[in-house]
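To start, the structure itself, in structure tokens.
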Amino acid sequence: MMKKRIIMSFFGVILSGICVGIFKLAAFGVDPFQAFMSGLNTAIPISFGTLYMIANIVLLLFSLIFNRKNIGIATFINLFLLGYITQFTYAFLQNIFSNPNLIIRSLSLIIGVVVLCFASALYMTADLGVSTYDSIAITMADKWHIGPFKWIRVSTDVCCVIIGVILFLVGGGVIKDIPTFAGIGTIFTAFFMGPLIDFFNVKCARPMLYGKNK
């Protein structure tokens with residue numbers, strides 16, 4: 001069982017990083033947390049991978065204080081690797097699709113959303129730690145009992161997008177460029193990632209870990 005959990009955690013986090021790179025290629029907006037990171041990266045223009053790691057170390061304090069159960073192998077794989085995997089994937093895809101057309105961008109958006117939710121469900125269900133951002137909604141739902149995870153996730157996602165846009169503008173970004181990181185794709189994920197992750201938890205991740213009867 002532990003071997004299966006480790007594989008699910010590792011695969012889920014790696015796949016998440018790849019998906020965010022695919023999101024960036026679509027240029028319809030990334031997922032809400034990455035929208036926040038894009039805005040922060042504009043305000044603090046250093047390597048995205050390094051900035052991602054620093055931001056997650058700060059968010060790690062939340063889990064250390066309120067819900068240490070969410071800290072595990074997957075947390076640290078996410079913290080130290082996901083930003084760099086995203087950076088590499090995006091650069092790799094740009095070399096292949098230097099000027100992607102609308103069809104490729106649309107397919108990238110659909111693939112990015114669906115697979116990212118599946119990947120999130122994998123490492124959440126494995127229960128060997130989650131990303132520092134995922135920990136916020138999980139803690140509010142499972143420990144503080146504020147409400148169902150899917151609706152709390154919608155609320156935190158919307159807040160991330162708003163803060164990301166503000167940081168982008170404060171950092172000198174122009175309004176016309178906002179849709180590239182906070183666009184249709186971001187709005188879609190902000191309202192549907194929570195329910196989709198919940199769906200993949202029930203239909204895929206839990207049966208994979210526990211068997212079809214669970």
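Letters A, B, ... go to the chains of the structure tokens in the order shown; residues in each chain start at 1; ligands are counted from 1 in the same order.
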ask   = If we count only C-alpha atoms, what is near Ile110 in chain A at a cut-off of 10 Å, once residues fewer than 3 positions away on the same chain are taken out, given as an MDAnalysis selection string?
value = chainID A and resid 22:23 26 105:107 113:116 185
Dump C-alpha atoms for the selected residues as an mmCIF file, in the first residue's frame?
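What ended up in result_17.cif:
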data_model
loop_
_atom_site.group_PDB
_atom_site.id
_atom_site.type_symbol
_atom_site.label_atom_id
_atom_site.label_comp_id
_atom_site.auth_asym_id
_atom_site.auth_seq_id
_atom_site.Cartn_x
_atom_site.Cartn_y
_atom_site.Cartn_z
ATOM 1 C CA ILE A 22 0.729 23.092 -21.011
ATOM 2 C CA PHE A 23 -1.569 25.745 -19.527
ATOM 3 C CA ALA A 26 -2.515 27.666 -24.254
ATOM 4 C CA ARG A 105 -4.128 26.368 -27.733
ATOM 5 C CA SER A 106 -7.694 25.106 -27.171
ATOM 6 C CA LEU A 107 -6.530 21.483 -26.941
ATOM 7 C CA VAL A 113 -7.488 21.347 -16.977
ATOM 8 C CA VAL A 114 -8.566 17.710 -17.021
ATOM 9 C CA VAL A 115 -5.153 16.145 -16.412
ATOM 10 C CA LEU A 116 -4.225 18.678 -13.713
ATOM 11 C CA GLY A 185 -8.931 29.037 -18.662
#
task = Run DSSP on the backbone and grab whatever in chain A lands in alpha helix (DSSP H); send it over as an MDAnalysis selection string.
result = chainID A and resid 2:26 32:43 48:66 73:77 83:96 102:126 132:138 149:170 184:200 206:210
inquiry  = Neighbouring residues of range 91-103 of chain A were defined as those with any atom within 10 Å, considering only C-alpha atoms; residues of the same chain fewer than 5 positions away were excluded. Please report them as a ChimeraX atom specification.
reply    = /A:21-22,24-27,85-86,108-109
task = Compile the contact shell of range 125-140 of chain A as an MDAnalysis selection string: residues with an atom at most 10 Å away, counting only C-alpha atoms, same-chain residues fewer than 6 positions apart removed.
result = chainID A and resid 1:2 4:10 12:13 33 55:64 66:79 82 146:157 194 200:202 204:210
ask   = If you count only C-alpha atoms, which residues fall within 9 Å of Ile184 in chain A, apart from same-chain ones fewer than 6 positions away, as a list of chain:residue names?
value =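 Counting only C-alpha atoms, the residues come to A:Phe28, A:Gly29, A:Val30.
Of the listed residues (A:Ala141, A:Ile104, A:Cys159, A:Lys176), A:Cys159 comes nearest to Ala35 in chain A; the distances count only C-alpha atoms.
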message = Could you check the closest approach to Leu81 in chain A for each of A:Ile111, A:Ile14, A:Leu122, A:Leu40 and tell me which residue wins, using only C-alpha atoms?
response =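 Smallest distance to Leu81 in chain A is found for A:Ile14.
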